[in-house]
Amino acid sequence: MSEYIPYGRHHIDEDDIAEVIRVLNSDWLTTGPKVEEFEEALADFCNMPHAVAVNSGTAALHLVMACLDIGPGDEVIVPAMTFVATANAVVYLGATPVFADVQEDTLLVDPASIEKLITPKTKAIVAVDYAGQPCDYDVLSSMAQRYGVTLISDACHSLGGAYKGRPVGSLADITVFSFHPVKPITTGEGGAIVFKDKEMAQRARRLRNHGIDLDFKERASRISWEYDMVELGFNYRISDIQCALGLTQLKKLPKWIEKRNEIANAYRKFLAKVNGLCPLSKSSCVKHSYHLFVIKITEGKKRKILYERMRKNGIGVNVHYKPVYLNTFYKKELGFASGLCPVSEMAYDKIISLPLYPSMTVLEVKRVVDTIMIVIE
Ligand SMILES: *Cc1c(COP(=O)(O)O)cnc(C)c1O
């Protein structure tokens with residue numbers, strides 16, 4: 001049998017390994033200079049003033065909600081079509097996630113659906129750049145401004161993408177990234193928040209470290225044992241080992257995004273000849289980072305058969321995502337029921353994510369499409 005093709009995979013080169021080893025031989029394994037260096041590089045990359053690196057994308061989302069003082073009685077609008085972490089961050093703070101539906105052709109959050117859900121209790125809107133395609137941030141920003149709510153971008157899929165020539169990270173007040181191995185760049189586990197606002201970035205740094213107001217430079221230079229915990233924070237620190245990897249990965253990201261676009265174009269070309277399916281649409285004013293290549297099976301119940309046959313043939317397809325509120329926790333504990341976001345629910349019955357990662361070859365793309373053709377036709 002031919003080799004297994006995963007749906008996504010990380011890419012590690014010798015320079016990544018060398019930089020990690022350098023940190024292992026240094027004095028700082030965590031909370032040291034590599035963390036700041038990575039934060040600066042990421043902020044520069046996003047054309048933003050402040051970045052705070054943490055140990056997962058989920059931690060980043062949680063810290064954002066905490067920085068905005070979101071709590072019981074508050075509502076945060078999130079798309080139904082996202083990874084559970086986006087909505088869970090709202091639940092961590094005792095606030096209420098309110099699910100907006102998505103647009104049928106892109107599965108990006110539908111601004112019209114959001115607008116209907118805004119109430120005086122709404123504190124924030126989370127836009128998710130599903131599959132790596134930036135949302136329509138001009139529309140979302142002006143809506144957020146009009147209603148006086150904060151716009152948060154969950155850009156866990158879309159680092160390296162752009163909207164009307166502006167980089168992802170600079171498109172909302174606050175942007176969140178994940179560096180899990182399937183995401184655009186990896187630190188093993190990791191995440192980051194990019195801020196416009198300096199005070200909020202400082203607060204995120206403090207909350208990352210238990211709510212204590214001292215960083216590594218201060219600790220190293222002080223002779224006093226004293227520190228003060230001024231609010232209840234967490235240990236969401238990321239290590240220098242991870243940040244060293246993040247730094248070398250980030251340098252290669254633009255090249256990887258080009259590769260991902262080439263692979264997506266190859267998929268579009270080959271799939272145009274196959275009946276009964278269609279890839280999601282891409283807007284002409286974005287640079288897509290193609291974290292995922294998602295197709296919709298337009299006819300009947302073929303998705304399940306396709307999924308099983310692809311897997312049997314060593315092709316790692318996946319389904320992203322089940323609408324968040326259809327998970328047992330959301331139904332049983334929070335009282336959600338099916339029917340809430342019909343476009344998301346209909347899409348969930350049809351979508352399948354095809355393999356896509358920078359080192360994938362055109363031959364592998366062909367093998368994926370040939371296998372689909374045999375099943376579908
Ligand atoms: C991966 C992901 C997260 C969570 O990131 P982790 O680093 O795995 O905690 C949040 N939101 C979206 C949309 C994601 O894809």
# chains A, B, ... in the order shown; residues from 1 in each chain; ligands from 1
>>> closest_atom_pairs(of="chain A", to="ligand 1", cutoff="9 Å", atoms="only C-alpha atoms and all ligand atoms", output="JSON lines")
{"residue": "A:Asn55", "atom": "CA", "partner": "ligand 1", "partner_atom_place_in_ligand_line": "7 (O)", "distance": 7.5}
{"residue": "A:Ser56", "atom": "CA", "partner": "ligand 1", "partner_atom_place_in_ligand_line": "7 (O)", "distance": 3.9}
{"residue": "A:Gly57", "atom": "CA", "partner": "ligand 1", "partner_atom_place_in_ligand_line": "7 (O)", "distance": 3.5}
{"residue": "A:Thr58", "atom": "CA", "partner": "ligand 1", "partner_atom_place_in_ligand_line": "9 (O)", "distance": 3.7}
{"residue": "A:Ala59", "atom": "CA", "partner": "ligand 1", "partner_atom_place_in_ligand_line": "9 (O)", "distance": 6.4}
{"residue": "A:Ala60", "atom": "CA", "partner": "ligand 1", "partner_atom_place_in_ligand_line": "9 (O)", "distance": 7.8}
{"residue": "A:Leu61", "atom": "CA", "partner": "ligand 1", "partner_atom_place_in_ligand_line": "10 (C)", "distance": 7.4}
{"residue": "A:Met81", "atom": "CA", "partner": "ligand 1", "partner_atom_place_in_ligand_line": "13 (C)", "distance": 8.9}
{"residue": "A:Thr82", "atom": "CA", "partner": "ligand 1", "partner_atom_place_in_ligand_line": "13 (C)", "distance": 5.3}
{"residue": "A:Phe83", "atom": "CA", "partner": "ligand 1", "partner_atom_place_in_ligand_line": "13 (C)", "distance": 4.9}
{"residue": "A:Val84", "atom": "CA", "partner": "ligand 1", "partner_atom_place_in_ligand_line": "11 (N)", "distance": 7.2}
{"residue": "A:Ala85", "atom": "CA", "partner": "ligand 1", "partner_atom_place_in_ligand_line": "10 (C)", "distance": 4.9}
{"residue": "A:Thr86", "atom": "CA", "partner": "ligand 1", "partner_atom_place_in_ligand_line": "11 (N)", "distance": 5.0}
{"residue": "A:Ala87", "atom": "CA", "partner": "ligand 1", "partner_atom_place_in_ligand_line": "11 (N)", "distance": 8.7}
{"residue": "A:Val128", "atom": "CA", "partner": "ligand 1", "partner_atom_place_in_ligand_line": "13 (C)", "distance": 6.0}
{"residue": "A:Asp129", "atom": "CA", "partner": "ligand 1", "partner_atom_place_in_ligand_line": "13 (C)", "distance": 7.3}
{"residue": "A:Tyr130", "atom": "CA", "partner": "ligand 1", "partner_atom_place_in_ligand_line": "13 (C)", "distance": 6.8}
{"residue": "A:Ala131", "atom": "CA", "partner": "ligand 1", "partner_atom_place_in_ligand_line": "15 (O)", "distance": 8.4}
{"residue": "A:Asp154", "atom": "CA", "partner": "ligand 1", "partner_atom_place_in_ligand_line": "13 (C)", "distance": 6.0}
{"residue": "A:Ala155", "atom": "CA", "partner": "ligand 1", "partner_atom_place_in_ligand_line": "13 (C)", "distance": 6.8}
{"residue": "A:Cys156", "atom": "CA", "partner": "ligand 1", "partner_atom_place_in_ligand_line": "14 (C)", "distance": 4.8}
{"residue": "A:His157", "atom": "CA", "partner": "ligand 1", "partner_atom_place_in_ligand_line": "15 (O)", "distance": 5.6}
{"residue": "A:Val176", "atom": "CA", "partner": "ligand 1", "partner_atom_place_in_ligand_line": "10 (C)", "distance": 8.1}
{"residue": "A:Phe177", "atom": "CA", "partner": "ligand 1", "partner_atom_place_in_ligand_line": "5 (O)", "distance": 7.2}
{"residue": "A:Ser178", "atom": "CA", "partner": "ligand 1", "partner_atom_place_in_ligand_line": "7 (O)", "distance": 4.1}
{"residue": "A:Phe179", "atom": "CA", "partner": "ligand 1", "partner_atom_place_in_ligand_line": "7 (O)", "distance": 5.6}
{"residue": "A:His180", "atom": "CA", "partner": "ligand 1", "partner_atom_place_in_ligand_line": "7 (O)", "distance": 5.0}
{"residue": "A:Pro181", "atom": "CA", "partner": "ligand 1", "partner_atom_place_in_ligand_line": "7 (O)", "distance": 8.8}
{"residue": "A:Val182", "atom": "CA", "partner": "ligand 1", "partner_atom_place_in_ligand_line": "1 (C)", "distance": 8.1}
{"residue": "A:Lys183", "atom": "CA", "partner": "ligand 1", "partner_atom_place_in_ligand_line": "1 (C)", "distance": 7.0}
{"residue": "A:Glu189", "atom": "CA", "partner": "ligand 1", "partner_atom_place_in_ligand_line": "7 (O)", "distance": 6.0}
{"residue": "A:Gly190", "atom": "CA", "partner": "ligand 1", "partner_atom_place_in_ligand_line": "7 (O)", "distance": 5.5}
{"residue": "A:Gly191", "atom": "CA", "partner": "ligand 1", "partner_atom_place_in_ligand_line": "7 (O)", "distance": 5.6}
{"residue": "A:Ala192", "atom": "CA", "partner": "ligand 1", "partner_atom_place_in_ligand_line": "7 (O)", "distance": 9.0}
>>> residues_around(residues="Pro254 in chain A", least_positions_apart="3", cutoff="7 Å", atoms="only C-alpha atoms", output="PyMOL selection string")
chain A and resi 160+257-258
>>> atom_distance(atom1="CA of Val286 in chain A", atom2="CA of Ala162 in chain A")
5.6 Å
>>> residues_around(residues="Ser344 in chain A", least_positions_apart="5", cutoff="10 Å", atoms="only C-alpha atoms", output="PyMOL selection string")
chain A and resi 79-82+100-104+107-109+321-324+339+349
>>> write_last_selection(atoms="all heavy atoms", output="CSV table (one decimal), in the first residue's frame")
chain,number,residue,atom,x,y,z
A,79,PRO,N,-18.9,32.0,16.3
A,79,PRO,CA,-19.5,31.2,15.3
A,79,PRO,C,-19.8,29.8,15.8
A,79,PRO,O,-19.0,29.3,16.6
A,79,PRO,CB,-18.5,31.3,14.1
A,79,PRO,CG,-17.2,31.7,14.7
A,79,PRO,CD,-17.5,32.4,16.0
A,80,ALA,N,-20.8,29.2,15.2
A,80,ALA,CA,-21.1,27.8,15.6
A,80,ALA,C,-20.0,26.9,14.9
A,80,ALA,O,-19.7,25.8,15.5
A,80,ALA,CB,-22.5,27.4,15.1
A,81,MET,N,-19.5,27.3,13.8
A,81,MET,CA,-18.6,26.5,13.0
A,81,MET,C,-17.2,26.8,13.4
A,81,MET,O,-16.5,27.7,12.8
A,81,MET,CB,-18.8,26.7,11.5
A,81,MET,CG,-18.0,25.9,10.6
A,81,MET,SD,-18.1,24.1,10.8
A,81,MET,CE,-19.7,23.8,10.1
A,82,THR,N,-16.7,26.3,14.5
A,82,THR,CA,-15.3,26.5,15.0
A,82,THR,C,-14.9,25.4,15.9
A,82,THR,O,-15.8,24.5,16.3
A,82,THR,CB,-15.2,27.8,15.8
A,82,THR,OG1,-13.8,28.1,16.1
A,82,THR,CG2,-16.1,27.9,17.0
A,100,ALA,N,-23.5,32.4,16.4
A,100,ALA,CA,-23.9,32.9,15.2
A,100,ALA,C,-23.7,31.9,14.1
A,100,ALA,O,-22.8,31.0,14.2
A,100,ALA,CB,-23.0,34.2,14.9
A,101,ASP,N,-24.5,32.0,13.0
A,101,ASP,CA,-24.4,31.1,11.9
A,101,ASP,C,-23.4,31.6,10.9
A,101,ASP,O,-22.8,32.7,11.1
A,101,ASP,CB,-25.8,30.9,11.2
A,101,ASP,CG,-25.9,29.5,10.7
A,101,ASP,OD1,-24.9,28.8,10.6
A,101,ASP,OD2,-27.1,29.1,10.4
A,102,VAL,N,-23.1,30.7,9.9
A,102,VAL,CA,-22.0,31.1,9.0
A,102,VAL,C,-22.6,31.2,7.6
A,102,VAL,O,-23.7,30.9,7.3
A,102,VAL,CB,-20.9,30.0,9.0
A,102,VAL,CG1,-20.2,29.9,10.3
A,102,VAL,CG2,-21.5,28.6,8.7
A,103,GLN,N,-21.7,31.7,6.7
A,103,GLN,CA,-22.1,31.8,5.3
A,103,GLN,C,-21.9,30.5,4.6
A,103,GLN,O,-20.9,29.9,4.8
A,103,GLN,CB,-21.3,33.0,4.6
A,103,GLN,CG,-21.8,34.3,5.1
A,103,GLN,CD,-20.8,35.5,4.7
A,103,GLN,OE1,-19.6,35.3,4.7
A,103,GLN,NE2,-21.4,36.6,4.4
A,104,GLU,N,-22.8,30.2,3.7
A,104,GLU,CA,-22.9,28.8,3.1
A,104,GLU,C,-21.6,28.5,2.3
A,104,GLU,O,-21.1,27.4,2.3
A,104,GLU,CB,-24.1,28.7,2.2
A,104,GLU,CG,-24.6,27.3,2.1
A,104,GLU,CD,-25.8,27.2,1.2
A,104,GLU,OE1,-26.5,28.2,1.1
A,104,GLU,OE2,-26.0,26.2,0.6
A,107,LEU,N,-18.2,29.3,4.9
A,107,LEU,CA,-18.3,28.8,6.3
A,107,LEU,C,-17.7,29.8,7.3
A,107,LEU,O,-17.3,29.5,8.4
A,107,LEU,CB,-17.8,27.4,6.5
A,107,LEU,CG,-18.4,26.3,5.7
A,107,LEU,CD1,-18.0,24.9,6.1
A,107,LEU,CD2,-20.0,26.4,5.7
A,108,LEU,N,-17.5,31.1,6.8
A,108,LEU,CA,-17.1,32.2,7.7
A,108,LEU,C,-18.3,32.8,8.4
A,108,LEU,O,-19.4,32.8,7.8
A,108,LEU,CB,-16.4,33.3,6.9
A,108,LEU,CG,-15.0,32.8,6.3
A,108,LEU,CD1,-14.5,34.0,5.4
A,108,LEU,CD2,-14.0,32.5,7.4
A,109,VAL,N,-18.2,33.3,9.5
A,109,VAL,CA,-19.3,33.8,10.3
A,109,VAL,C,-20.0,34.9,9.5
A,109,VAL,O,-19.4,35.7,8.8
A,109,VAL,CB,-18.8,34.4,11.7
A,109,VAL,CG1,-18.0,35.6,11.5
A,109,VAL,CG2,-20.0,34.6,12.6
A,321,TYR,N,-16.1,21.5,11.3
A,321,TYR,CA,-16.3,21.0,12.6
A,321,TYR,C,-17.8,20.6,12.8
A,321,TYR,O,-18.6,21.1,12.1
A,321,TYR,CB,-16.0,22.1,13.7
A,321,TYR,CG,-14.6,22.6,13.6
A,321,TYR,CD1,-14.2,23.7,12.9
A,321,TYR,CD2,-13.6,21.9,14.3
A,321,TYR,CE1,-12.9,24.1,12.9
A,321,TYR,CE2,-12.3,22.4,14.3
A,321,TYR,CZ,-11.9,23.5,13.6
A,321,TYR,OH,-10.7,23.9,13.6
A,322,LYS,N,-18.0,19.8,13.8
A,322,LYS,CA,-19.4,19.7,14.3
A,322,LYS,C,-19.7,21.0,15.0
A,322,LYS,O,-18.9,21.6,15.8
A,322,LYS,CB,-19.5,18.6,15.4
A,322,LYS,CG,-20.8,18.5,16.1
A,322,LYS,CD,-21.0,17.1,16.7
A,322,LYS,CE,-20.3,17.0,18.0
A,322,LYS,NZ,-20.6,15.7,18.7
A,323,PRO,N,-20.9,21.7,14.6
A,323,PRO,CA,-21.3,22.9,15.3
A,323,PRO,C,-21.1,22.7,16.8
A,323,PRO,O,-21.5,21.8,17.4
A,323,PRO,CB,-22.7,23.1,14.9
A,323,PRO,CG,-22.8,22.4,13.6
A,323,PRO,CD,-21.9,21.2,13.7
A,324,VAL,N,-20.4,23.7,17.5
A,324,VAL,CA,-20.0,23.6,18.8
A,324,VAL,C,-21.1,23.2,19.8
A,324,VAL,O,-21.0,22.3,20.6
A,324,VAL,CB,-19.3,24.9,19.4
A,324,VAL,CG1,-19.0,24.8,20.8
A,324,VAL,CG2,-18.1,25.2,18.6
A,339,GLY,N,-30.9,22.8,15.5
A,339,GLY,CA,-31.8,23.8,14.8
A,339,GLY,C,-31.4,25.2,15.0
A,339,GLY,O,-31.9,26.1,14.3
A,349,ASP,N,-23.1,18.2,7.7
A,349,ASP,CA,-23.4,16.9,7.0
A,349,ASP,C,-22.7,16.7,5.7
A,349,ASP,O,-22.8,15.6,5.1
A,349,ASP,CB,-24.9,16.9,6.7
A,349,ASP,CG,-25.7,16.6,8.0
A,349,ASP,OD1,-25.1,16.1,9.0
A,349,ASP,OD2,-26.9,17.0,8.1
>>> select_by_dssp(residues="range 11-154 of chain A", states="helix (DSSP H, G or I)", output="ChimeraX atom specification")
/A:14-24,33-46,57-67,84-92,111-117,130-132,137-147
>>> select_by_dssp(residues="range 95-312 of chain A", states="strand (DSSP E or B)", output="number ranges by chain")
A: 96-100, 102, 109, 122-128, 150-154, 162-163, 166-167, 174-178, 191-195, 209, 212, 229, 235, 239, 277-279, 286-287, 293-297
>>> atom_distance(atom1="CA of Val149 in chain A", atom2="CA of Thr122 in chain A")
6.9 Å
>>> residues_around(residues="range 39-46 of chain A", least_positions_apart="5", cutoff="7 Å", atoms="only C-alpha atoms", output="PyMOL selection string")
chain A and resi 51-53+167-170+194
>>> closest_residue(among="A:Arg268, A:Arg309, A:Arg303, A:Arg260", to="Thr361 in chain A", atoms="only C-alpha atoms")
A:Arg260
>>> closest_residue(among="A:Lys350, A:Lys259, A:Lys251, A:Lys121", to="Lys302 in chain A", atoms="only C-alpha atoms")
A:Lys350
>>> decode(residues="range 282-294 of chain A", atoms="all heavy atoms", output="PDB file, in the first residue's frame")
ATOM      1  N   LYS A 282     -13.332  31.146  -2.183  1.00  0.00           N
ATOM      2  CA  LYS A 282     -12.290  32.035  -1.672  1.00  0.00           C
ATOM      3  C   LYS A 282     -12.602  33.444  -2.159  1.00  0.00           C
ATOM      4  O   LYS A 282     -12.869  33.652  -3.341  1.00  0.00           O
ATOM      5  CB  LYS A 282     -10.925  31.586  -2.197  1.00  0.00           C
ATOM      6  CG  LYS A 282      -9.788  32.476  -1.734  1.00  0.00           C
ATOM      7  CD  LYS A 282      -8.527  32.197  -2.536  1.00  0.00           C
ATOM      8  CE  LYS A 282      -7.468  33.248  -2.333  1.00  0.00           C
ATOM      9  NZ  LYS A 282      -7.840  34.591  -2.827  1.00  0.00           N
ATOM     10  N   SER A 283     -12.552  34.395  -1.241  1.00  0.00           N
ATOM     11  CA  SER A 283     -12.792  35.792  -1.602  1.00  0.00           C
ATOM     12  C   SER A 283     -11.574  36.340  -2.345  1.00  0.00           C
ATOM     13  O   SER A 283     -10.433  35.947  -2.068  1.00  0.00           O
ATOM     14  CB  SER A 283     -13.047  36.600  -0.328  1.00  0.00           C
ATOM     15  OG  SER A 283     -12.735  37.955  -0.559  1.00  0.00           O
ATOM     16  N   SER A 284     -11.822  37.283  -3.289  1.00  0.00           N
ATOM     17  CA  SER A 284     -10.708  37.807  -4.080  1.00  0.00           C
ATOM     18  C   SER A 284      -9.887  38.832  -3.292  1.00  0.00           C
ATOM     19  O   SER A 284      -8.779  39.170  -3.685  1.00  0.00           O
ATOM     20  CB  SER A 284     -11.243  38.441  -5.358  1.00  0.00           C
ATOM     21  OG  SER A 284     -12.135  39.473  -5.017  1.00  0.00           O
ATOM     22  N   CYS A 285     -10.416  39.331  -2.158  1.00  0.00           N
ATOM     23  CA  CYS A 285      -9.643  40.358  -1.443  1.00  0.00           C
ATOM     24  C   CYS A 285      -8.858  39.800  -0.254  1.00  0.00           C
ATOM     25  O   CYS A 285      -8.402  40.554   0.592  1.00  0.00           O
ATOM     26  CB  CYS A 285     -10.532  41.525  -1.040  1.00  0.00           C
ATOM     27  SG  CYS A 285     -11.835  41.086   0.086  1.00  0.00           S
ATOM     28  N   VAL A 286      -8.691  38.468  -0.205  1.00  0.00           N
ATOM     29  CA  VAL A 286      -7.892  37.904   0.888  1.00  0.00           C
ATOM     30  C   VAL A 286      -6.709  37.107   0.373  1.00  0.00           C
ATOM     31  O   VAL A 286      -6.716  36.601  -0.747  1.00  0.00           O
ATOM     32  CB  VAL A 286      -8.718  36.964   1.810  1.00  0.00           C
ATOM     33  CG1 VAL A 286      -9.929  37.683   2.383  1.00  0.00           C
ATOM     34  CG2 VAL A 286      -9.121  35.678   1.101  1.00  0.00           C
ATOM     35  N   LYS A 287      -5.708  37.014   1.224  1.00  0.00           N
ATOM     36  CA  LYS A 287      -4.677  35.997   1.060  1.00  0.00           C
ATOM     37  C   LYS A 287      -5.055  34.896   2.036  1.00  0.00           C
ATOM     38  O   LYS A 287      -5.088  35.103   3.247  1.00  0.00           O
ATOM     39  CB  LYS A 287      -3.301  36.571   1.398  1.00  0.00           C
ATOM     40  CG  LYS A 287      -2.213  35.537   1.287  1.00  0.00           C
ATOM     41  CD  LYS A 287      -0.870  36.181   1.450  1.00  0.00           C
ATOM     42  CE  LYS A 287       0.157  35.426   0.633  1.00  0.00           C
ATOM     43  NZ  LYS A 287       1.395  36.197   0.572  1.00  0.00           N
ATOM     44  N   HIS A 288      -5.380  33.746   1.489  1.00  0.00           N
ATOM     45  CA  HIS A 288      -5.833  32.588   2.254  1.00  0.00           C
ATOM     46  C   HIS A 288      -4.591  31.873   2.778  1.00  0.00           C
ATOM     47  O   HIS A 288      -3.618  31.730   2.043  1.00  0.00           O
ATOM     48  CB  HIS A 288      -6.595  31.682   1.274  1.00  0.00           C
ATOM     49  CG  HIS A 288      -7.569  30.731   1.885  1.00  0.00           C
ATOM     50  ND1 HIS A 288      -7.260  29.928   2.945  1.00  0.00           N
ATOM     51  CD2 HIS A 288      -8.857  30.436   1.561  1.00  0.00           C
ATOM     52  CE1 HIS A 288      -8.320  29.180   3.248  1.00  0.00           C
ATOM     53  NE2 HIS A 288      -9.309  29.471   2.428  1.00  0.00           N
ATOM     54  N   SER A 289      -4.607  31.424   4.028  1.00  0.00           N
ATOM     55  CA  SER A 289      -3.424  30.686   4.496  1.00  0.00           C
ATOM     56  C   SER A 289      -3.618  29.175   4.369  1.00  0.00           C
ATOM     57  O   SER A 289      -2.712  28.411   4.658  1.00  0.00           O
ATOM     58  CB  SER A 289      -3.065  31.086   5.920  1.00  0.00           C
ATOM     59  OG  SER A 289      -4.022  30.580   6.797  1.00  0.00           O
ATOM     60  N   TYR A 290      -4.816  28.764   3.922  1.00  0.00           N
ATOM     61  CA  TYR A 290      -5.102  27.343   3.669  1.00  0.00           C
ATOM     62  C   TYR A 290      -4.596  26.404   4.761  1.00  0.00           C
ATOM     63  O   TYR A 290      -3.867  25.456   4.488  1.00  0.00           O
ATOM     64  CB  TYR A 290      -4.583  26.914   2.290  1.00  0.00           C
ATOM     65  CG  TYR A 290      -5.504  27.358   1.185  1.00  0.00           C
ATOM     66  CD1 TYR A 290      -5.115  28.323   0.264  1.00  0.00           C
ATOM     67  CD2 TYR A 290      -6.797  26.827   1.073  1.00  0.00           C
ATOM     68  CE1 TYR A 290      -5.982  28.755  -0.747  1.00  0.00           C
ATOM     69  CE2 TYR A 290      -7.661  27.249   0.072  1.00  0.00           C
ATOM     70  CZ  TYR A 290      -7.239  28.202  -0.829  1.00  0.00           C
ATOM     71  OH  TYR A 290      -8.097  28.605  -1.815  1.00  0.00           O
ATOM     72  N   HIS A 291      -5.027  26.699   5.979  1.00  0.00           N
ATOM     73  CA  HIS A 291      -4.823  25.722   7.058  1.00  0.00           C
ATOM     74  C   HIS A 291      -5.545  24.430   6.680  1.00  0.00           C
ATOM     75  O   HIS A 291      -5.032  23.327   6.893  1.00  0.00           O
ATOM     76  CB  HIS A 291      -5.372  26.299   8.360  1.00  0.00           C
ATOM     77  CG  HIS A 291      -5.549  25.294   9.453  1.00  0.00           C
ATOM     78  ND1 HIS A 291      -4.522  24.482   9.881  1.00  0.00           N
ATOM     79  CD2 HIS A 291      -6.630  24.954  10.201  1.00  0.00           C
ATOM     80  CE1 HIS A 291      -4.971  23.696  10.853  1.00  0.00           C
ATOM     81  NE2 HIS A 291      -6.233  23.955  11.059  1.00  0.00           N
ATOM     82  N   LEU A 292      -6.738  24.573   6.104  1.00  0.00           N
ATOM     83  CA  LEU A 292      -7.533  23.413   5.673  1.00  0.00           C
ATOM     84  C   LEU A 292      -7.979  23.605   4.234  1.00  0.00           C
ATOM     85  O   LEU A 292      -8.203  24.739   3.804  1.00  0.00           O
ATOM     86  CB  LEU A 292      -8.797  23.276   6.533  1.00  0.00           C
ATOM     87  CG  LEU A 292      -8.652  23.124   8.046  1.00  0.00           C
ATOM     88  CD1 LEU A 292     -10.025  23.194   8.703  1.00  0.00           C
ATOM     89  CD2 LEU A 292      -7.967  21.809   8.399  1.00  0.00           C
ATOM     90  N   PHE A 293      -8.136  22.504   3.508  1.00  0.00           N
ATOM     91  CA  PHE A 293      -8.808  22.552   2.220  1.00  0.00           C
ATOM     92  C   PHE A 293     -10.103  21.756   2.374  1.00  0.00           C
ATOM     93  O   PHE A 293     -10.083  20.527   2.494  1.00  0.00           O
ATOM     94  CB  PHE A 293      -7.941  21.988   1.091  1.00  0.00           C
ATOM     95  CG  PHE A 293      -8.515  22.309  -0.259  1.00  0.00           C
ATOM     96  CD1 PHE A 293      -8.216  23.512  -0.886  1.00  0.00           C
ATOM     97  CD2 PHE A 293      -9.400  21.435  -0.880  1.00  0.00           C
ATOM     98  CE1 PHE A 293      -8.777  23.838  -2.115  1.00  0.00           C
ATOM     99  CE2 PHE A 293      -9.962  21.753  -2.107  1.00  0.00           C
ATOM    100  CZ  PHE A 293      -9.651  22.955  -2.728  1.00  0.00           C
ATOM    101  N   VAL A 294     -11.209  22.481   2.413  1.00  0.00           N
ATOM    102  CA  VAL A 294     -12.502  21.864   2.740  1.00  0.00           C
ATOM    103  C   VAL A 294     -13.365  21.781   1.484  1.00  0.00           C
ATOM    104  O   VAL A 294     -13.490  22.765   0.752  1.00  0.00           O
ATOM    105  CB  VAL A 294     -13.234  22.690   3.830  1.00  0.00           C
ATOM    106  CG1 VAL A 294     -14.600  22.091   4.148  1.00  0.00           C
ATOM    107  CG2 VAL A 294     -12.376  22.775   5.088  1.00  0.00           C
TER     108      VAL A 294
END
